>>> print(open('coords15.json').read())   # JSON, C-alpha atoms
[["chain", "number", "residue", "atom", "x", "y", "z"],
["L", 1, "MET", "CA", 11.48, 0.48, -11.37],
["L", 2, "THR", "CA", 12.75, 2.80, -8.69],
["L", 3, "LYS", "CA", 16.41, 2.82, -7.66],
["L", 4, "ARG", "CA", 17.43, 0.73, -4.65],
["L", 5, "ARG", "CA", 17.04, 2.42, -1.29],
["L", 6, "GLU", "CA", 20.45, 2.25, 0.33],
["L", 7, "TYR", "CA", 19.51, 3.67, 3.74],
["L", 8, "PRO", "CA", 17.95, 1.80, 6.69],
["L", 9, "CYS", "CA", 14.28, 0.90, 6.86],
["L", 10, "GLU", "CA", 12.46, 3.48, 8.97],
["L", 11, "PHE", "CA", 10.42, 0.72, 10.67],
["L", 12, "CYS", "CA", 12.97, -1.96, 11.59],
["L", 13, "ASP", "CA", 16.30, -0.10, 11.07],
["L", 14, "THR", "CA", 17.86, -2.96, 9.11],
["L", 15, "ASP", "CA", 20.93, -2.09, 7.08],
["L", 16, "LYS", "CA", 19.79, -4.36, 4.25],
["L", 17, "ALA", "CA", 18.97, -2.49, 1.05],
["L", 18, "GLN", "CA", 15.31, -2.46, 0.01],
["L", 19, "GLU", "CA", 14.48, -4.69, -2.94],
["L", 20, "PRO", "CA", 12.40, -3.76, -6.00],
["L", 21, "ARG", "CA", 9.17, -5.79, -6.15],
["L", 22, "GLU", "CA", 5.66, -5.61, -7.49],
["L", 23, "VAL", "CA", 3.11, -5.68, -4.67],
["L", 24, "GLU", "CA", -0.61, -5.37, -3.97],
["L", 25, "LEU", "CA", -1.73, -2.05, -2.49],
["L", 26, "THR", "CA", -5.13, -1.17, -1.02],
["L", 27, "MET", "CA", -6.43, 2.38, -0.75],
["L", 28, "THR", "CA", -9.69, 3.96, 0.38],
["L", 29, "ASN", "CA", -11.48, 6.94, -1.10],
["L", 30, "ASN", "CA", -14.89, 8.22, 0.05],
["L", 31, "GLY", "CA", -15.61, 5.00, 1.94],
["L", 32, "ARG", "CA", -14.76, 2.73, -0.99],
["L", 33, "TRP", "CA", -11.84, 0.31, -1.09],
["L", 34, "TYR", "CA", -9.56, -0.02, -4.11],
["L", 35, "ILE", "CA", -7.06, -2.80, -4.72],
["L", 36, "PHE", "CA", -4.11, -2.21, -7.01],
["L", 37, "GLU", "CA", -2.08, -5.16, -8.25],
["L", 38, "ASN", "CA", 1.49, -5.21, -9.59],
["L", 39, "VAL", "CA", 2.42, -1.87, -8.02],
["L", 40, "PRO", "CA", 6.17, -1.18, -8.16],
["L", 41, "ALA", "CA", 7.62, -0.68, -4.69],
["L", 42, "MET", "CA", 10.85, -0.91, -2.76],
["L", 43, "VAL", "CA", 10.37, -3.53, -0.04],
["L", 44, "CYS", "CA", 12.41, -4.07, 3.11],
["L", 45, "PRO", "CA", 13.77, -7.63, 3.02],
["L", 46, "ASN", "CA", 13.74, -7.77, 6.82],
["L", 47, "CYS", "CA", 10.24, -6.58, 7.84],
["L", 48, "GLY", "CA", 8.40, -6.33, 4.50],
["L", 49, "HIS", "CA", 7.50, -2.62, 4.74],
["L", 50, "ALA", "CA", 6.87, -1.22, 1.25],
["L", 51, "TYR", "CA", 7.99, 2.20, 0.03],
["L", 52, "TYR", "CA", 6.14, 3.72, -2.94],
["L", 53, "ASP", "CA", 7.25, 6.34, -5.43],
["L", 54, "GLY", "CA", 5.27, 9.60, -5.10],
["L", 55, "PRO", "CA", 4.38, 9.86, -8.81],
["L", 56, "MET", "CA", 3.11, 6.26, -8.73],
["L", 57, "LEU", "CA", 0.78, 7.05, -5.82],
["L", 58, "LEU", "CA", -0.52, 10.10, -7.71],
["L", 59, "ARG", "CA", -1.14, 7.88, -10.74],
["L", 60, "LEU", "CA", -3.15, 5.41, -8.62],
["L", 61, "GLU", "CA", -5.22, 8.24, -7.12],
["L", 62, "ALA", "CA", -5.90, 9.55, -10.63],
["L", 63, "MET", "CA", -7.08, 6.09, -11.70],
["L", 64, "ILE", "CA", -9.64, 6.13, -8.87],
["L", 65, "ASP", "CA", -10.88, 9.60, -9.83],
["L", 66, "ASP", "CA", -10.62, 9.48, -13.63],
["L", 67, "GLU", "CA", -10.93, 5.81, -14.64],
["L", 68, "PRO", "CA", -13.24, 4.01, -12.20],
["L", 69, "GLY", "CA", -14.56, 1.69, -14.90],
["L", 70, "LEU", "CA", -11.16, 0.13, -15.61],
["L", 71, "GLY", "CA", -11.14, -1.91, -12.41],
["L", 72, "ARG", "CA", -12.94, -5.20, -12.01],
["L", 73, "PRO", "CA", -15.35, -5.84, -9.11],
["L", 74, "VAL", "CA", -14.22, -8.25, -6.38],
["L", 75, "GLU", "CA", -16.05, -9.82, -3.46],
["L", 76, "ALA", "CA", -14.83, -9.01, 0.04],
["L", 77, "ARG", "CA", -15.95, -9.30, 3.65],
["L", 78, "ALA", "CA", -15.55, -6.62, 6.30],
["L", 79, "TYR", "CA", -15.22, -7.46, 9.97],
["L", 80, "SER", "CA", -15.42, -5.06, 12.90],
["L", 81, "LEU", "CA", -13.88, -6.01, 16.21],
["L", 82, "PRO", "CA", -15.87, -5.06, 19.31],
["L", 83, "LYS", "CA", -14.72, -1.85, 20.92],
["L", 84, "SER", "CA", -12.95, -2.43, 24.18],
["L", 85, "GLU", "CA", -13.75, -0.27, 27.18],
["L", 86, "GLU", "CA", -10.20, 1.12, 27.15],
["L", 87, "ALA", "CA", -10.43, 2.14, 23.49],
["L", 88, "ALA", "CA", -13.79, 3.81, 24.07],
["L", 89, "LYS", "CA", -12.38, 6.16, 26.72]]
>>> encode(input="coords15.json", output="C-alpha coordinates")
Amino acid sequence: MTKRREYPCEFCDTDKAQEPREVELTMTNNGRWYIFENVPAMVCPNCGHAYYDGPMLLRLEAMIDDEPGLGRPVEARAYSLPKSEEAAK
(Lines of atoms letter the chains of each structure in order from A and count residues from 1; the text may use other names and numbers.)
(Lines give C-alpha, C1' and ligand atoms only; values in the text may rest on other atoms or scores of the structure.)
Protein backbone atom coordinates (compact mmCIF):
# COMPACT_ATOMS: atom_id res chain seq x y z
CA MET A 1 0.00 0.00 0.00
CA THR A 2 1.13 3.53 -0.68
CA LYS A 3 2.60 5.70 2.07
CA ARG A 4 0.25 8.08 3.90
CA ARG A 5 -0.24 11.45 2.26
CA GLU A 6 0.68 14.00 4.89
CA TYR A 7 -0.32 17.15 2.97
CA PRO A 8 -3.82 18.65 2.65
CA CYS A 9 -6.47 17.27 0.33
CA GLU A 10 -6.51 19.32 -2.88
CA PHE A 11 -10.34 19.28 -2.90
CA CYS A 12 -11.35 20.15 0.66
CA ASP A 13 -8.03 21.40 2.16
CA THR A 14 -8.41 19.32 5.32
CA ASP A 15 -5.26 18.84 7.36
CA LYS A 16 -6.21 15.23 8.11
CA ALA A 17 -3.85 12.68 6.59
CA GLN A 18 -5.27 10.52 3.81
CA GLU A 19 -5.98 6.92 4.80
CA PRO A 20 -5.01 3.78 2.86
CA ARG A 21 -8.10 1.92 1.62
CA GLU A 22 -9.20 -0.42 -1.12
CA VAL A 23 -11.86 1.19 -3.32
CA GLU A 24 -13.89 0.63 -6.47
CA LEU A 25 -12.75 2.58 -9.52
CA THR A 26 -14.55 2.99 -12.85
CA MET A 27 -12.79 3.88 -16.09
CA THR A 28 -13.85 4.24 -19.71
CA ASN A 29 -11.97 3.23 -22.83
CA ASN A 30 -13.34 3.48 -26.37
CA GLY A 31 -16.90 3.92 -25.11
CA ARG A 32 -16.78 0.91 -22.79
CA TRP A 33 -16.96 1.08 -19.01
CA TYR A 34 -14.64 -0.92 -16.76
CA ILE A 35 -15.06 -1.46 -13.02
CA PHE A 36 -12.06 -2.30 -10.89
CA GLU A 37 -12.58 -3.61 -7.37
CA ASN A 38 -10.14 -3.60 -4.43
CA VAL A 39 -7.95 -0.86 -5.92
CA PRO A 40 -5.43 0.52 -3.40
CA ALA A 41 -5.87 4.25 -2.88
CA MET A 42 -5.23 7.00 -0.39
CA VAL A 43 -8.60 8.45 0.62
CA CYS A 44 -9.34 11.78 2.27
CA PRO A 45 -11.17 11.07 5.55
CA ASN A 46 -13.00 14.39 5.28
CA CYS A 47 -14.43 14.46 1.72
CA GLY A 48 -13.70 10.95 0.42
CA HIS A 49 -11.60 11.99 -2.60
CA ALA A 50 -9.34 9.10 -3.65
CA TYR A 51 -5.73 9.45 -4.79
CA TYR A 52 -4.25 6.65 -6.91
CA ASP A 53 -0.66 5.62 -7.45
CA GLY A 54 0.51 6.24 -11.04
CA PRO A 55 1.92 2.72 -11.57
CA MET A 56 -1.39 1.24 -10.34
CA LEU A 57 -3.35 3.28 -12.91
CA LEU A 58 -0.97 2.09 -15.65
CA ARG A 59 -1.53 -1.49 -14.49
CA LEU A 60 -5.32 -1.06 -14.72
CA GLU A 61 -5.03 0.43 -18.22
CA ALA A 62 -2.86 -2.51 -19.25
CA MET A 63 -5.50 -4.93 -17.94
CA ILE A 64 -8.08 -3.29 -20.21
CA ASP A 65 -5.79 -3.50 -23.24
CA ASP A 66 -4.02 -6.82 -22.63
CA GLU A 67 -6.38 -8.95 -20.51
CA PRO A 68 -10.00 -8.13 -21.41
CA GLY A 69 -11.14 -11.69 -20.77
CA LEU A 70 -10.17 -11.63 -17.09
CA GLY A 71 -13.08 -9.41 -16.09
CA ARG A 72 -16.58 -10.69 -15.49
CA PRO A 73 -19.61 -9.13 -17.24
CA VAL A 74 -22.00 -7.06 -15.10
CA GLU A 75 -25.41 -5.57 -15.82
CA ALA A 76 -25.76 -1.80 -15.67
CA ARG A 77 -28.19 0.93 -16.68
CA ALA A 78 -27.24 4.24 -18.26
CA TYR A 79 -29.34 7.36 -17.80
CA SER A 80 -29.03 10.63 -19.69
CA LEU A 81 -30.40 13.80 -18.20
CA PRO A 82 -32.15 16.16 -20.61
CA LYS A 83 -29.96 18.97 -21.84
CA SER A 84 -30.93 22.30 -20.38
CA GLU A 85 -31.15 25.35 -22.61
CA GLU A 86 -28.27 26.97 -20.69
CA ALA A 87 -26.00 23.95 -21.18
CA ALA A 88 -26.81 23.83 -24.89
CA LYS A 89 -25.57 27.39 -25.47
>>> residues_around(input="coords15.json", residues="segment 46-57 of chain L", least_positions_apart="6", cutoff="8 Å", atoms="all atoms listed in the file", output="PyMOL selection string")
chain L and resi 2+9+11-12+14+16+40
>>> closest_residue(input="coords15.json", among="L:Phe36, L:Pro45, L:Arg59, L:Pro8", to="Pro20 of chain L", atoms="only C-alpha atoms")
L:Pro45
>>> atom_distance(input="coords15.json", atom1="atom CA of Glu19 of chain L", atom2="atom CA of Leu60 of chain L")
21.1 Å
>>> axis_aligned_box(input="coords15.json", around="segment 20-24 of chain L", padding_each_side="5 Å", output="lines of an AutoDock Vina configuration file")
center_x = 5.9
center_y = -4.8
center_z = -5.7
size_x = 23.0
size_y = 12.0
size_z = 13.5
>>> residues_around(input="coords15.json", residues="Ala76 of chain L", least_positions_apart="6", cutoff="12 Å", atoms="only C-alpha atoms", output="PyMOL selection string")
chain L and resi 32-35
>>> atom_distance(input="coords15.json", atom1="atom CA of Val39 of chain L", atom2="atom CA of Ile64 of chain L")
14.5 Å
>>> atom_distance(input="coords15.json", atom1="atom CA of Glu67 of chain L", atom2="atom CA of Arg21 of chain L")
24.7 Å
>>> closest_residue(input="coords15.json", among="L:Cys44, L:Asp66, L:Pro82, L:Arg72", to="Asp15 of chain L", atoms="only C-alpha atoms")
L:Cys44
>>> closest_residue(input="coords15.json", among="L:Glu61, L:Arg77, L:Met42, L:Pro68", to="Thr26 of chain L", atoms="only C-alpha atoms")
L:Glu61
>>> closest_residue(input="coords15.json", among="L:Ala78, L:Leu58, L:Asp65, L:Val43", to="Ala17 of chain L", atoms="only C-alpha atoms")
L:Val43
>>> decode(input="coords15.json", residues="segment 23-44 of chain L", atoms="N, CA and C atoms", output="PDB file, in the first residue's frame")
ATOM      1  N   VAL L  23     -10.636   0.579  -2.818  1.00  0.00           N
ATOM      2  CA  VAL L  23     -11.857   1.193  -3.316  1.00  0.00           C
ATOM      3  C   VAL L  23     -12.245   0.601  -4.662  1.00  0.00           C
ATOM      4  N   GLU L  24     -13.431   0.994  -5.131  1.00  0.00           N
ATOM      5  CA  GLU L  24     -13.891   0.632  -6.468  1.00  0.00           C
ATOM      6  C   GLU L  24     -13.622   1.812  -7.390  1.00  0.00           C
ATOM      7  N   LEU L  25     -13.081   1.541  -8.560  1.00  0.00           N
ATOM      8  CA  LEU L  25     -12.749   2.583  -9.524  1.00  0.00           C
ATOM      9  C   LEU L  25     -13.368   2.232 -10.867  1.00  0.00           C
ATOM     10  N   THR L  26     -14.019   3.206 -11.504  1.00  0.00           N
ATOM     11  CA  THR L  26     -14.550   2.986 -12.854  1.00  0.00           C
ATOM     12  C   THR L  26     -13.724   3.793 -13.845  1.00  0.00           C
ATOM     13  N   MET L  27     -13.527   3.222 -15.016  1.00  0.00           N
ATOM     14  CA  MET L  27     -12.786   3.876 -16.091  1.00  0.00           C
ATOM     15  C   MET L  27     -13.529   3.616 -17.393  1.00  0.00           C
ATOM     16  N   THR L  28     -13.313   4.485 -18.369  1.00  0.00           N
ATOM     17  CA  THR L  28     -13.854   4.242 -19.709  1.00  0.00           C
ATOM     18  C   THR L  28     -12.715   4.167 -20.708  1.00  0.00           C
ATOM     19  N   ASN L  29     -12.947   3.376 -21.756  1.00  0.00           N
ATOM     20  CA  ASN L  29     -11.969   3.233 -22.828  1.00  0.00           C
ATOM     21  C   ASN L  29     -12.743   2.874 -24.082  1.00  0.00           C
ATOM     22  N   ASN L  30     -12.647   3.717 -25.103  1.00  0.00           N
ATOM     23  CA  ASN L  30     -13.337   3.476 -26.375  1.00  0.00           C
ATOM     24  C   ASN L  30     -14.834   3.237 -26.186  1.00  0.00           C
ATOM     25  N   GLY L  31     -15.460   4.019 -25.316  1.00  0.00           N
ATOM     26  CA  GLY L  31     -16.898   3.916 -25.112  1.00  0.00           C
ATOM     27  C   GLY L  31     -17.356   2.782 -24.221  1.00  0.00           C
ATOM     28  N   ARG L  32     -16.435   2.017 -23.678  1.00  0.00           N
ATOM     29  CA  ARG L  32     -16.782   0.911 -22.787  1.00  0.00           C
ATOM     30  C   ARG L  32     -16.400   1.271 -21.364  1.00  0.00           C
ATOM     31  N   TRP L  33     -17.213   0.840 -20.423  1.00  0.00           N
ATOM     32  CA  TRP L  33     -16.956   1.082 -19.006  1.00  0.00           C
ATOM     33  C   TRP L  33     -16.271  -0.135 -18.387  1.00  0.00           C
ATOM     34  N   TYR L  34     -15.347   0.129 -17.477  1.00  0.00           N
ATOM     35  CA  TYR L  34     -14.638  -0.918 -16.755  1.00  0.00           C
ATOM     36  C   TYR L  34     -14.711  -0.601 -15.267  1.00  0.00           C
ATOM     37  N   ILE L  35     -14.991  -1.616 -14.475  1.00  0.00           N
ATOM     38  CA  ILE L  35     -15.065  -1.456 -13.022  1.00  0.00           C
ATOM     39  C   ILE L  35     -13.940  -2.276 -12.408  1.00  0.00           C
ATOM     40  N   PHE L  36     -13.141  -1.624 -11.590  1.00  0.00           N
ATOM     41  CA  PHE L  36     -12.055  -2.300 -10.888  1.00  0.00           C
ATOM     42  C   PHE L  36     -12.369  -2.306  -9.398  1.00  0.00           C
ATOM     43  N   GLU L  37     -12.294  -3.468  -8.803  1.00  0.00           N
ATOM     44  CA  GLU L  37     -12.577  -3.607  -7.371  1.00  0.00           C
ATOM     45  C   GLU L  37     -11.267  -3.787  -6.604  1.00  0.00           C
ATOM     46  N   ASN L  38     -11.290  -3.410  -5.340  1.00  0.00           N
ATOM     47  CA  ASN L  38     -10.142  -3.596  -4.434  1.00  0.00           C
ATOM     48  C   ASN L  38      -8.891  -2.858  -4.910  1.00  0.00           C
ATOM     49  N   VAL L  39      -9.068  -1.661  -5.431  1.00  0.00           N
ATOM     50  CA  VAL L  39      -7.947  -0.857  -5.916  1.00  0.00           C
ATOM     51  C   VAL L  39      -7.341  -0.093  -4.743  1.00  0.00           C
ATOM     52  N   PRO L  40      -6.046  -0.233  -4.494  1.00  0.00           N
ATOM     53  CA  PRO L  40      -5.430   0.519  -3.403  1.00  0.00           C
ATOM     54  C   PRO L  40      -5.437   2.014  -3.707  1.00  0.00           C
ATOM     55  N   ALA L  41      -5.813   2.793  -2.717  1.00  0.00           N
ATOM     56  CA  ALA L  41      -5.872   4.248  -2.880  1.00  0.00           C
ATOM     57  C   ALA L  41      -5.635   4.904  -1.531  1.00  0.00           C
ATOM     58  N   MET L  42      -5.292   6.173  -1.591  1.00  0.00           N
ATOM     59  CA  MET L  42      -5.228   6.998  -0.388  1.00  0.00           C
ATOM     60  C   MET L  42      -6.481   7.865  -0.431  1.00  0.00           C
ATOM     61  N   VAL L  43      -7.295   7.809   0.625  1.00  0.00           N
ATOM     62  CA  VAL L  43      -8.597   8.453   0.622  1.00  0.00           C
ATOM     63  C   VAL L  43      -8.662   9.529   1.700  1.00  0.00           C
ATOM     64  N   CYS L  44      -9.177  10.687   1.324  1.00  0.00           N
ATOM     65  CA  CYS L  44      -9.344  11.782   2.269  1.00  0.00           C
ATOM     66  C   CYS L  44     -10.436  11.399   3.263  1.00  0.00           C
TER      67      CYS L  44
END
